[in-house]
Amino acid sequence: MKLVYLLGLGAFALGLDAYVTAGLLPVIADDFDSSVSATGQMVTTFTLAYAIASPIFAALLSASRARLGLLGALAVFSLANIGSALAGNLPVLLITRAFAGVGAGLYLALAASAAASLIDKERRGRALAIIMGGMSSGTVLGVPAGVFIAQHLGWRTTLWIVAAIGLVSCVGLALRLPVLPATSSVTLRQRAAVIADPRVASIVGVSFFAAVASLGLYTYFAPVMESDGMGSVGNVTPYLWAWGIGGVIGSVLIGRLVDKAPRPCTLVVGILVLLVLSLLAFRAMAAIHPLIALAPIAVWGGVGWALQVPQQNDLLAARGENGGPVAVALNESALYLGSAVGSGLGGVAFSLGWDSSVLPLWAAGFALAGLLLQVTGVRISAARRPDRTASPEAAPEAAL
């Protein structure tokens, strides 16, 4: 498990880097004498590179070079953050953020696959939970600390710290990570076929809808809480902490449930039901009094982060060692694309003059769409297809 924690440390750096830059936009814009909207493209370039490039590189990577790919991805991520810290103008910063996004996306996909291969199948859920817990902890604990450091020591210092954490993880893995189990030779066409797999497409679709609901709404947390219908809250910090702490707890505890669940698809159904109910309760309780909304906010954060552990587990089970990293990379892309779509739709709602208190209801609607897809598409495709990690003799029992 010690190696899995090293993998989780790299994921912590990714979670910190992915979200801390949004809080640094005003100070970076002042430093480069540019507008916040122009500087905000650094977030866009990171997320687009993460979403688009990482599955492509995961597909191109030889199955026998997973260890080299993992270390290379983390090195690219760390060096790109050094480049961002040294950037003297906005175009250079945008380029380095794109490279950081590529490294981050590929690393997370390979780290999930590596963690699964290093641990016996009975503890795979806990190993994946450590990786996702690193991501959520980087967001919840690292982002406030990173913004605080930036306010006192400058935004470049924050990125230097991100790079340092990434390099520590990279060096530790380079020294201790063994050669990962070799898999059979798979052609690029076969790897690309992962995308056309109905079961993979259904699982990834569920992640997309959940990301639109959860991460998209999180983008507009402050204006939502400031609306009259949600209690006109001025200081959203306690509510952000409730969401974040719930996310850390959920992403860590879900591992044991995944390992013990006889039917992972049913577990995902339960998580999505809780997501829908927590979003609806968030809206209803905040209208009564904002403080009682802390409970559904914590549940929202918990199930939102917890969802990705069984999702990754299902994808690895669906595609096995050969297609697993590509499937997980595709799932990570869906998360970032879902977050971008959710943010975009929220922006449209604001431009149309809608009251921001309706956004939790729309988010609940997207979560419900994910639930319906899980109940129909994912469970049906899983029932028709045996677990690829199972032996041929066990195929009937592996069907969900």
# chains A, B, ... in the order shown; residues from 1 in each chain; ligands from 1

call {"tool": "residues_around", "arguments": {"residues": "stretch 37-42 of chain A", "least_positions_apart": "5", "cutoff": "7 Å", "atoms": "only C-alpha atoms", "output": "list in words"}}
result
Leu25, Ala29, Leu94 and Arg97 of chain A

call {"tool": "write_last_selection", "arguments": {"atoms": "C-alpha atoms", "output": "PDB file, in the first residue's frame"}}
result
ATOM      1  CA  LEU A  25      -6.760  34.603 -11.688  1.00  0.00           C
ATOM      2  CA  ALA A  29      -4.089  39.172 -14.407  1.00  0.00           C
ATOM      3  CA  LEU A  94      -1.019  29.259 -21.494  1.00  0.00           C
ATOM      4  CA  ARG A  97      -0.748  25.065 -18.572  1.00  0.00           C
TER       5      ARG A  97
END

call {"tool": "residues_around", "arguments": {"residues": "stretch 284-291 of chain A", "least_positions_apart": "5", "cutoff": "6 Å", "atoms": "only C-alpha atoms", "output": "VMD selection string"}}
result
chain A and resid 229 to 231

call {"tool": "write_last_selection", "arguments": {"atoms": "N, CA, C and O atoms", "output": "tab-separated table (two decimals), in the first residue's frame"}}
result
chain	number	residue	atom	x	y	z
A	229	GLY	N	-33.07	33.63	-2.69
A	229	GLY	CA	-33.74	32.35	-2.48
A	229	GLY	C	-32.93	31.34	-1.71
A	229	GLY	O	-33.45	30.31	-1.28
A	230	MET	N	-31.61	31.61	-1.53
A	230	MET	CA	-30.74	30.69	-0.81
A	230	MET	C	-30.21	31.28	0.49
A	230	MET	O	-29.29	30.75	1.11
A	231	GLY	N	-30.79	32.41	0.91
A	231	GLY	CA	-30.44	32.97	2.20
A	231	GLY	C	-29.53	34.16	2.17
A	231	GLY	O	-29.13	34.68	3.22

call {"tool": "residues_around", "arguments": {"residues": "A:Leu240", "least_positions_apart": "3", "cutoff": "10 Å", "atoms": "only C-alpha atoms", "output": "number ranges by chain"}}
result
A: 140, 218, 221-222, 235-237, 243-246, 294, 297-298, 301

call {"tool": "closest_atom_pairs", "arguments": {"of": "stretch 54-168 of chain A", "to": "stretch 12-24 of chain A", "cutoff": "9 Å", "atoms": "only C-alpha atoms", "output": "tab-separated table"}}
result
residue	atom	partner	partner_atom	distance
A:Phe77	CA	A:Leu14	CA	8.4
A:Ser78	CA	A:Ala13	CA	8.9
A:Asn81	CA	A:Asp17	CA	8.5
A:Ala100	CA	A:Asp17	CA	8.7
A:Gly101	CA	A:Ala18	CA	8.2
A:Ala104	CA	A:Leu14	CA	6.0
A:Gly105	CA	A:Leu14	CA	8.8
A:Tyr107	CA	A:Leu14	CA	9.0
A:Leu108	CA	A:Leu14	CA	8.2
A:Ile131	CA	A:Phe12	CA	8.1
A:Met132	CA	A:Phe12	CA	8.6
A:Gly133	CA	A:Phe12	CA	7.9
A:Gly134	CA	A:Phe12	CA	4.3
A:Met135	CA	A:Gly15	CA	4.3
A:Ser136	CA	A:Gly15	CA	6.3
A:Ser137	CA	A:Phe12	CA	6.3
A:Gly138	CA	A:Leu16	CA	4.4
A:Thr139	CA	A:Gly15	CA	5.0
A:Val140	CA	A:Leu16	CA	8.3
A:Leu141	CA	A:Leu16	CA	8.3
A:Gly142	CA	A:Leu16	CA	5.4
A:Val143	CA	A:Val20	CA	4.9
A:Pro144	CA	A:Val20	CA	7.8
A:Gly146	CA	A:Val20	CA	6.5
A:Val147	CA	A:Gly23	CA	6.4
A:Ala150	CA	A:Leu24	CA	7.5
A:Gln151	CA	A:Leu24	CA	8.8
A:Trp155	CA	A:Leu24	CA	6.6
A:Thr158	CA	A:Val20	CA	8.6
A:Leu159	CA	A:Asp17	CA	7.6
A:Ile161	CA	A:Ala13	CA	8.8
A:Val162	CA	A:Ala13	CA	5.6
A:Ala163	CA	A:Ala13	CA	7.7
A:Ala164	CA	A:Ala13	CA	8.8
A:Ile165	CA	A:Ala13	CA	6.0
A:Gly166	CA	A:Ala13	CA	5.8

call {"tool": "residues_around", "arguments": {"residues": "A:Leu371", "least_positions_apart": "5", "cutoff": "8 Å", "atoms": "only C-alpha atoms", "output": "list in words"}}
result
Val206, Val269, Leu272 and Val273 of chain A

call {"tool": "write_last_selection", "arguments": {"atoms": "N, CA and C atoms", "output": "JSON list (two decimals), in the first residue's frame"}}
result
[["chain", "number", "residue", "atom", "x", "y", "z"],
["A", 206, "VAL", "N", -22.39, 8.45, -17.64],
["A", 206, "VAL", "CA", -22.85, 8.71, -16.27],
["A", 206, "VAL", "C", -21.92, 9.70, -15.58],
["A", 269, "VAL", "N", -25.83, 3.27, -8.41],
["A", 269, "VAL", "CA", -27.23, 3.73, -8.37],
["A", 269, "VAL", "C", -27.52, 4.43, -7.05],
["A", 272, "LEU", "N", -25.87, 7.87, -6.93],
["A", 272, "LEU", "CA", -26.55, 8.86, -7.77],
["A", 272, "LEU", "C", -27.89, 9.28, -7.15],
["A", 273, "VAL", "N", -28.58, 8.36, -6.52],
["A", 273, "VAL", "CA", -29.82, 8.72, -5.82],
["A", 273, "VAL", "C", -29.52, 9.73, -4.73]]

call {"tool": "atom_distance", "arguments": {"atom1": "atom CA of A:Ser214", "atom2": "atom CA of A:Val375"}}
result
19.1 Å

call {"tool": "atom_distance", "arguments": {"atom1": "atom CA of A:Val76", "atom2": "atom CA of A:Gly8"}}
result
17.1 Å

call {"tool": "select_by_dssp", "arguments": {"residues": "stretch 149-293 of chain A", "states": "alpha helix (DSSP H)", "output": "PyMOL selection string"}}
result
chain A and resi 149-153+155-176+188-192+198-219+221-226+237-260+264-288

call {"tool": "closest_residue", "arguments": {"among": "A:Ala51, A:Ala196, A:Ala367, A:Leu359", "to": "A:Ala211", "atoms": "only C-alpha atoms"}}
result
A:Ala367

call {"tool": "residues_around", "arguments": {"residues": "A:Val200", "least_positions_apart": "5", "cutoff": "8 Å", "atoms": "only C-alpha atoms", "output": "list of chain:residue names"}}
result
A:Val194, A:Ile195, A:Leu315, A:Ala318, A:Ala327

call {"tool": "write_last_selection", "arguments": {"atoms": "N, CA and C atoms", "output": "PDB file, in the first residue's frame"}}
result
ATOM      1  N   VAL A 194     -11.907   0.921 -27.506  1.00  0.00           N
ATOM      2  CA  VAL A 194     -12.415   1.104 -26.142  1.00  0.00           C
ATOM      3  C   VAL A 194     -13.505   2.161 -26.129  1.00  0.00           C
ATOM      4  N   ILE A 195     -13.292   3.220 -26.913  1.00  0.00           N
ATOM      5  CA  ILE A 195     -14.244   4.333 -26.934  1.00  0.00           C
ATOM      6  C   ILE A 195     -15.605   3.881 -27.452  1.00  0.00           C
ATOM      7  N   LEU A 315     -14.709   0.416 -14.954  1.00  0.00           N
ATOM      8  CA  LEU A 315     -14.010   0.539 -16.237  1.00  0.00           C
ATOM      9  C   LEU A 315     -12.838  -0.431 -16.324  1.00  0.00           C
ATOM     10  N   ALA A 318     -14.269  -3.745 -16.897  1.00  0.00           N
ATOM     11  CA  ALA A 318     -14.836  -3.887 -18.235  1.00  0.00           C
ATOM     12  C   ALA A 318     -13.776  -4.111 -19.296  1.00  0.00           C
ATOM     13  N   ALA A 327      -9.682   3.596 -20.926  1.00  0.00           N
ATOM     14  CA  ALA A 327     -11.050   3.811 -20.442  1.00  0.00           C
ATOM     15  C   ALA A 327     -11.076   4.794 -19.282  1.00  0.00           C
TER      16      ALA A 327
END

call {"tool": "closest_residue", "arguments": {"among": "A:Leu277, A:Ala66, A:Ala334, A:Ala112", "to": "A:Asn313", "atoms": "only C-alpha atoms"}}
result
A:Ala112
